[in-house]
$ cat data.cif   # mmCIF, C-alpha atoms
data_run
loop_
_atom_site.group_PDB
_atom_site.id
_atom_site.type_symbol
_atom_site.label_atom_id
_atom_site.label_comp_id
_atom_site.auth_asym_id
_atom_site.auth_seq_id
_atom_site.Cartn_x
_atom_site.Cartn_y
_atom_site.Cartn_z
ATOM 1 C CA MET A 1212 11.559 39.099 -27.770
ATOM 2 C CA PRO A 1213 8.704 36.574 -28.152
ATOM 3 C CA GLN A 1214 8.779 33.764 -25.663
ATOM 4 C CA SER A 1215 6.781 30.594 -25.050
ATOM 5 C CA LEU A 1216 6.667 29.016 -21.620
ATOM 6 C CA SER A 1217 4.998 25.918 -20.277
ATOM 7 C CA ASN A 1218 5.182 23.823 -17.136
ATOM 8 C CA VAL A 1219 3.056 20.765 -17.815
ATOM 9 C CA ILE A 1220 3.811 17.937 -15.402
ATOM 10 C CA LEU A 1221 2.333 14.546 -16.268
ATOM 11 C CA HIS A 1222 2.066 11.188 -14.547
ATOM 12 C CA ILE A 1223 2.163 8.574 -17.302
ATOM 13 C CA VAL A 1224 1.340 4.916 -16.670
ATOM 14 C CA PHE A 1225 1.434 1.966 -19.047
ATOM 15 C CA SER A 1226 1.750 -1.778 -18.682
ATOM 16 C CA THR A 1227 3.240 -4.747 -20.421
ATOM 17 C CA LYS A 1228 0.981 -6.539 -22.878
ATOM 18 C CA ASP A 1229 -1.467 -8.773 -21.006
ATOM 19 C CA ARG A 1230 0.181 -7.538 -17.772
ATOM 20 C CA ARG A 1231 2.914 -10.156 -18.213
ATOM 21 C CA PRO A 1232 5.553 -9.833 -15.446
ATOM 22 C CA PHE A 1233 8.518 -9.133 -17.748
ATOM 23 C CA LEU A 1234 9.927 -6.680 -15.191
ATOM 24 C CA ALA A 1235 9.949 -9.090 -12.222
ATOM 25 C CA ASP A 1236 13.747 -9.110 -12.050
ATOM 26 C CA ASN A 1237 14.845 -6.088 -9.984
ATOM 27 C CA ALA A 1238 17.943 -5.402 -12.097
ATOM 28 C CA ILE A 1239 15.938 -5.393 -15.351
ATOM 29 C CA ARG A 1240 13.219 -3.262 -13.766
ATOM 30 C CA GLU A 1241 15.739 -0.675 -12.544
ATOM 31 C CA SER A 1242 17.450 -0.658 -15.936
ATOM 32 C CA MET A 1243 14.068 -0.191 -17.623
ATOM 33 C CA HIS A 1244 13.378 2.786 -15.364
ATOM 34 C CA GLN A 1245 16.763 4.259 -16.333
ATOM 35 C CA GLN A 1246 16.013 3.686 -20.020
ATOM 36 C CA LEU A 1247 12.620 5.386 -19.693
ATOM 37 C CA GLY A 1248 14.133 8.342 -17.849
ATOM 38 C CA GLY A 1249 16.991 8.696 -20.320
ATOM 39 C CA THR A 1250 14.692 8.475 -23.321
ATOM 40 C CA SER A 1251 12.336 11.033 -21.832
ATOM 41 C CA LYS A 1252 15.264 13.365 -21.143
ATOM 42 C CA THR A 1253 16.469 12.954 -24.741
ATOM 43 C CA LEU A 1254 12.995 14.041 -25.870
ATOM 44 C CA LYS A 1255 13.419 17.202 -23.732
ATOM 45 C CA CYS A 1256 10.808 15.895 -21.266
ATOM 46 C CA PRO A 1257 12.887 15.831 -18.072
ATOM 47 C CA PRO A 1258 11.897 12.993 -15.744
ATOM 48 C CA ILE A 1259 11.143 13.779 -12.120
ATOM 49 C CA ILE A 1260 10.715 10.183 -10.981
ATOM 50 C CA VAL A 1261 10.391 6.820 -12.721
ATOM 51 C CA GLY A 1262 9.123 3.657 -11.061
ATOM 52 C CA GLY A 1263 6.826 0.713 -11.387
ATOM 53 C CA THR A 1264 6.324 -2.971 -10.720
ATOM 54 C CA GLU A 1265 6.757 -6.241 -12.574
ATOM 55 C CA ASP A 1266 4.051 -5.449 -15.133
ATOM 56 C CA HIS A 1267 3.738 -1.675 -15.435
ATOM 57 C CA VAL A 1268 5.682 1.578 -15.204
ATOM 58 C CA HIS A 1269 5.053 5.083 -13.896
ATOM 59 C CA LEU A 1270 6.784 8.193 -15.179
ATOM 60 C CA LEU A 1271 6.421 11.649 -13.676
ATOM 61 C CA ALA A 1272 7.964 14.205 -16.020
ATOM 62 C CA ARG A 1273 7.699 17.669 -17.514
ATOM 63 C CA GLN A 1274 6.329 17.629 -21.046
ATOM 64 C CA ALA A 1275 8.302 19.593 -23.613
ATOM 65 C CA ARG A 1276 6.438 22.145 -25.728
ATOM 66 C CA THR A 1277 7.801 20.490 -28.863
ATOM 67 C CA ILE A 1278 6.236 17.019 -28.601
ATOM 68 C CA THR A 1279 2.712 15.706 -28.327
ATOM 69 C CA LEU A 1280 1.797 13.362 -25.508
ATOM 70 C CA SER A 1281 1.061 10.518 -27.921
ATOM 71 C CA ASP A 1282 4.398 10.920 -29.710
ATOM 72 C CA TRP A 1283 6.215 11.072 -26.376
ATOM 73 C CA VAL A 1284 4.674 7.809 -25.126
ATOM 74 C CA LYS A 1285 5.086 6.150 -28.528
ATOM 75 C CA GLU A 1286 8.814 6.918 -28.491
ATOM 76 C CA LEU A 1287 9.216 5.787 -24.867
ATOM 77 C CA LYS A 1288 7.645 2.451 -25.738
ATOM 78 C CA ARG A 1289 9.553 2.051 -29.012
ATOM 79 C CA VAL A 1290 12.989 2.712 -27.548
ATOM 80 C CA THR A 1291 12.500 0.606 -24.422
ATOM 81 C CA SER A 1292 11.001 -2.309 -26.383
ATOM 82 C CA LEU A 1293 14.042 -2.387 -28.629
ATOM 83 C CA TRP A 1294 16.380 -2.141 -25.635
ATOM 84 C CA ILE A 1295 14.798 -4.897 -23.503
ATOM 85 C CA LYS A 1296 14.853 -7.360 -26.399
ATOM 86 C CA THR A 1297 18.664 -7.116 -26.322
ATOM 87 C CA GLN A 1298 18.718 -8.230 -22.686
ATOM 88 C CA GLY A 1299 18.313 -11.941 -23.371
ATOM 89 C CA PRO A 1300 16.124 -14.557 -24.999
ATOM 90 C CA SER A 1301 13.482 -14.428 -22.252
ATOM 91 C CA TYR A 1302 12.583 -10.897 -23.430
ATOM 92 C CA LYS A 1303 12.188 -11.598 -27.142
ATOM 93 C CA LEU A 1304 8.368 -11.605 -26.838
ATOM 94 C CA PHE A 1305 8.249 -8.397 -24.792
ATOM 95 C CA GLN A 1306 5.573 -5.869 -25.748
ATOM 96 C CA TRP A 1307 3.914 -2.889 -24.126
ATOM 97 C CA GLN A 1308 0.127 -2.592 -24.064
ATOM 98 C CA SER A 1309 -1.304 -0.374 -26.774
ATOM 99 C CA GLY A 1310 -2.780 2.229 -24.422
ATOM 100 C CA TYR A 1311 -1.595 4.417 -21.575
ATOM 101 C CA GLY A 1312 -2.871 6.667 -18.834
ATOM 102 C CA ALA A 1313 -1.722 10.276 -18.496
ATOM 103 C CA PHE A 1314 -2.715 12.552 -15.642
ATOM 104 C CA SER A 1315 -1.765 16.154 -15.009
ATOM 105 C CA VAL A 1316 -0.117 16.908 -11.687
ATOM 106 C CA SER A 1317 0.178 20.309 -10.074
ATOM 107 C CA GLN A 1318 3.693 21.491 -9.295
ATOM 108 C CA SER A 1319 2.830 21.805 -5.594
ATOM 109 C CA LYS A 1320 1.826 18.137 -5.379
#

$ encode --input "data.cif" --output "structure tokens"
Amino acid sequence: MPQSLSNVILHIVFSTKDRRPFLADNAIRESMHQQLGGTSKTLKCPPIIVGGTEDHVHLLARQARTITLSDWVKELKRVTSLWIKTQGPSYKLFQWQSGYGAFSVSQSK
């Protein structure tokens, strides 16, 4: 039986537009991390750890064979932007920066 296997682990980093501290509130930040992890899991890219600070996020996850890196990040940003804007009027101007960083990580590290 033909089989395709991959184990690509990536550290993805992206920030809020203009590094605005939209994630300064700990509860919102933790909820954002949960949203990112859940969205990544839905995309079959299981998260290993999600974290960040008031103006950027880090995601360490396994990339699925069925999605490109750019589509993965695009969907993470789309879903979490929509979600955070429902969290109150102070988030109505929320945006992510247009770029991102992605770095491969060995399984042993």

$ resolve_selection --input "data.cif" --expression "the PyMOL selection byres ((chain A and resi 1303-1320) around 6)" --output "list of chain:residue names"
A:Ile1220, A:Leu1221, A:His1222, A:Ile1223, A:Val1224, A:Phe1225, A:Ser1226, A:Thr1227, A:Lys1228, A:Lys1296, A:Pro1300, A:Ser1301, A:Tyr1302

$ atom_distance --input "data.cif" --atom1 "atom CA of Val1261 of chain A" --atom2 "atom CA of Thr1291 of chain A"
13.4 Å

$ resolve_selection --input "data.cif" --expression "the PyMOL selection byres ((chain A and resi 1265) around 9)" --output "number ranges by chain"
A: 1227, 1230-1237, 1240, 1263-1264, 1266-1268

$ residues_around --input "data.cif" --residues "segment 1242-1251 of chain A" --least-positions-apart "4" --cutoff "9 Å" --atoms "all atoms listed in the file" --output "PyMOL selection string"
chain A and resi 1234+1237-1238+1255-1263+1268-1270+1272+1274+1283-1284+1286-1288+1290-1291+1294-1295

$ atom_distance --input "data.cif" --atom1 "atom CA of Asn1218 of chain A" --atom2 "atom CA of Asp1282 of chain A"
18.0 Å

$ atom_distance --input "data.cif" --atom1 "atom CA of Arg1276 of chain A" --atom2 "atom CA of Ser1215 of chain A"
8.5 Å

$ closest_residue --input "data.cif" --among "A:Leu1293, A:Leu1254, A:Leu1280, A:Ala1275" --to "Leu1216 of chain A" --atoms "only C-alpha atoms"
A:Ala1275

$ axis_aligned_box --input "data.cif" --around "segment 1226-1238 of chain A" --padding-each-side "6 Å" --output "JSON"
{"center_x": 8.2, "center_y": -6.0, "center_z": -16.4, "size_x": 31.4, "size_y": 20.4, "size_z": 24.9}

$ build_atoms --input "data.cif" --residues "segment 1260-1286 of chain A" --atoms "N, CA, C and O atoms" --output "mmCIF file, keeping the file's coordinate frame"
data_model
loop_
_atom_site.group_PDB
_atom_site.id
_atom_site.type_symbol
_atom_site.label_atom_id
_atom_site.label_comp_id
_atom_site.auth_asym_id
_atom_site.auth_seq_id
_atom_site.Cartn_x
_atom_site.Cartn_y
_atom_site.Cartn_z
ATOM 1 N N ILE A 1260 10.553 11.495 -11.614
ATOM 2 C CA ILE A 1260 10.715 10.183 -10.981
ATOM 3 C C ILE A 1260 10.168 9.115 -11.922
ATOM 4 O O ILE A 1260 9.200 9.350 -12.648
ATOM 5 N N VAL A 1261 10.825 7.960 -11.912
ATOM 6 C CA VAL A 1261 10.391 6.820 -12.721
ATOM 7 C C VAL A 1261 10.329 5.614 -11.799
ATOM 8 O O VAL A 1261 11.223 5.400 -10.982
ATOM 9 N N GLY A 1262 9.265 4.838 -11.905
ATOM 10 C CA GLY A 1262 9.123 3.657 -11.061
ATOM 11 C C GLY A 1262 8.162 2.671 -11.686
ATOM 12 O O GLY A 1262 7.771 2.806 -12.837
ATOM 13 N N GLY A 1263 7.776 1.689 -10.891
ATOM 14 C CA GLY A 1263 6.826 0.713 -11.387
ATOM 15 C C GLY A 1263 6.990 -0.631 -10.713
ATOM 16 O O GLY A 1263 7.714 -0.771 -9.725
ATOM 17 N N THR A 1264 6.301 -1.618 -11.252
ATOM 18 C CA THR A 1264 6.324 -2.971 -10.720
ATOM 19 C C THR A 1264 6.666 -3.942 -11.846
ATOM 20 O O THR A 1264 7.101 -3.529 -12.914
ATOM 21 N N GLU A 1265 6.394 -5.206 -11.603
ATOM 22 C CA GLU A 1265 6.757 -6.241 -12.574
ATOM 23 C C GLU A 1265 5.994 -6.159 -13.887
ATOM 24 O O GLU A 1265 6.435 -6.714 -14.896
ATOM 25 N N ASP A 1266 4.848 -5.461 -13.903
ATOM 26 C CA ASP A 1266 4.051 -5.449 -15.133
ATOM 27 C C ASP A 1266 3.595 -4.065 -15.594
ATOM 28 O O ASP A 1266 2.820 -3.960 -16.531
ATOM 29 N N HIS A 1267 4.075 -3.013 -14.952
ATOM 30 C CA HIS A 1267 3.738 -1.675 -15.435
ATOM 31 C C HIS A 1267 4.754 -0.655 -14.919
ATOM 32 O O HIS A 1267 5.499 -0.926 -13.987
ATOM 33 N N VAL A 1268 4.753 0.510 -15.573
ATOM 34 C CA VAL A 1268 5.682 1.578 -15.204
ATOM 35 C C VAL A 1268 4.921 2.879 -14.974
ATOM 36 O O VAL A 1268 3.819 3.081 -15.492
ATOM 37 N N HIS A 1269 5.549 3.735 -14.171
ATOM 38 C CA HIS A 1269 5.053 5.083 -13.896
ATOM 39 C C HIS A 1269 6.173 6.056 -14.239
ATOM 40 O O HIS A 1269 7.329 5.797 -13.902
ATOM 41 N N LEU A 1270 5.821 7.148 -14.870
ATOM 42 C CA LEU A 1270 6.784 8.193 -15.179
ATOM 43 C C LEU A 1270 6.162 9.529 -14.827
ATOM 44 O O LEU A 1270 5.056 9.846 -15.297
ATOM 45 N N LEU A 1271 6.827 10.279 -13.976
ATOM 46 C CA LEU A 1271 6.421 11.649 -13.676
ATOM 47 C C LEU A 1271 7.457 12.544 -14.327
ATOM 48 O O LEU A 1271 8.658 12.432 -14.037
ATOM 49 N N ALA A 1272 7.010 13.392 -15.252
ATOM 50 C CA ALA A 1272 7.964 14.205 -16.020
ATOM 51 C C ALA A 1272 7.299 15.483 -16.510
ATOM 52 O O ALA A 1272 6.071 15.596 -16.529
ATOM 53 N N ARG A 1273 8.150 16.417 -16.913
ATOM 54 C CA ARG A 1273 7.699 17.669 -17.514
ATOM 55 C C ARG A 1273 7.626 17.492 -19.025
ATOM 56 O O ARG A 1273 8.615 17.104 -19.643
ATOM 57 N N GLN A 1274 6.483 17.776 -19.597
ATOM 58 C CA GLN A 1274 6.329 17.629 -21.046
ATOM 59 C C GLN A 1274 6.927 18.827 -21.766
ATOM 60 O O GLN A 1274 6.659 19.978 -21.419
ATOM 61 N N ALA A 1275 7.732 18.532 -22.777
ATOM 62 C CA ALA A 1275 8.302 19.593 -23.613
ATOM 63 C C ALA A 1275 7.198 20.227 -24.460
ATOM 64 O O ALA A 1275 6.193 19.585 -24.774
ATOM 65 N N ARG A 1276 7.402 21.460 -24.861
ATOM 66 C CA ARG A 1276 6.438 22.145 -25.728
ATOM 67 C C ARG A 1276 6.494 21.618 -27.156
ATOM 68 O O ARG A 1276 5.606 21.887 -27.957
ATOM 69 N N THR A 1277 7.537 20.871 -27.480
ATOM 70 C CA THR A 1277 7.801 20.490 -28.863
ATOM 71 C C THR A 1277 7.346 19.082 -29.232
ATOM 72 O O THR A 1277 7.626 18.624 -30.336
ATOM 73 N N ILE A 1278 6.658 18.393 -28.325
ATOM 74 C CA ILE A 1278 6.236 17.019 -28.601
ATOM 75 C C ILE A 1278 4.826 16.791 -28.067
ATOM 76 O O ILE A 1278 4.464 17.309 -27.004
ATOM 77 N N THR A 1279 4.046 16.045 -28.808
ATOM 78 C CA THR A 1279 2.712 15.706 -28.327
ATOM 79 C C THR A 1279 2.821 14.564 -27.313
ATOM 80 O O THR A 1279 3.793 13.796 -27.331
ATOM 81 N N LEU A 1280 1.826 14.441 -26.485
ATOM 82 C CA LEU A 1280 1.797 13.362 -25.508
ATOM 83 C C LEU A 1280 1.859 12.005 -26.200
ATOM 84 O O LEU A 1280 2.632 11.127 -25.807
ATOM 85 N N SER A 1281 1.079 11.821 -27.244
ATOM 86 C CA SER A 1281 1.061 10.518 -27.921
ATOM 87 C C SER A 1281 2.413 10.194 -28.556
ATOM 88 O O SER A 1281 2.860 9.044 -28.507
ATOM 89 N N ASP A 1282 3.075 11.172 -29.134
ATOM 90 C CA ASP A 1282 4.398 10.920 -29.710
ATOM 91 C C ASP A 1282 5.431 10.628 -28.628
ATOM 92 O O ASP A 1282 6.326 9.799 -28.820
ATOM 93 N N TRP A 1283 5.315 11.293 -27.504
ATOM 94 C CA TRP A 1283 6.215 11.072 -26.376
ATOM 95 C C TRP A 1283 6.109 9.620 -25.887
ATOM 96 O O TRP A 1283 7.092 8.899 -25.796
ATOM 97 N N VAL A 1284 4.886 9.170 -25.615
ATOM 98 C CA VAL A 1284 4.674 7.809 -25.126
ATOM 99 C C VAL A 1284 5.069 6.790 -26.191
ATOM 100 O O VAL A 1284 5.705 5.767 -25.884
ATOM 101 N N LYS A 1285 4.723 7.053 -27.427
ATOM 102 C CA LYS A 1285 5.086 6.150 -28.528
ATOM 103 C C LYS A 1285 6.599 5.943 -28.578
ATOM 104 O O LYS A 1285 7.084 4.819 -28.728
ATOM 105 N N GLU A 1286 7.358 7.026 -28.432
ATOM 106 C CA GLU A 1286 8.814 6.918 -28.491
ATOM 107 C C GLU A 1286 9.374 6.228 -27.246
ATOM 108 O O GLU A 1286 10.320 5.433 -27.337
#
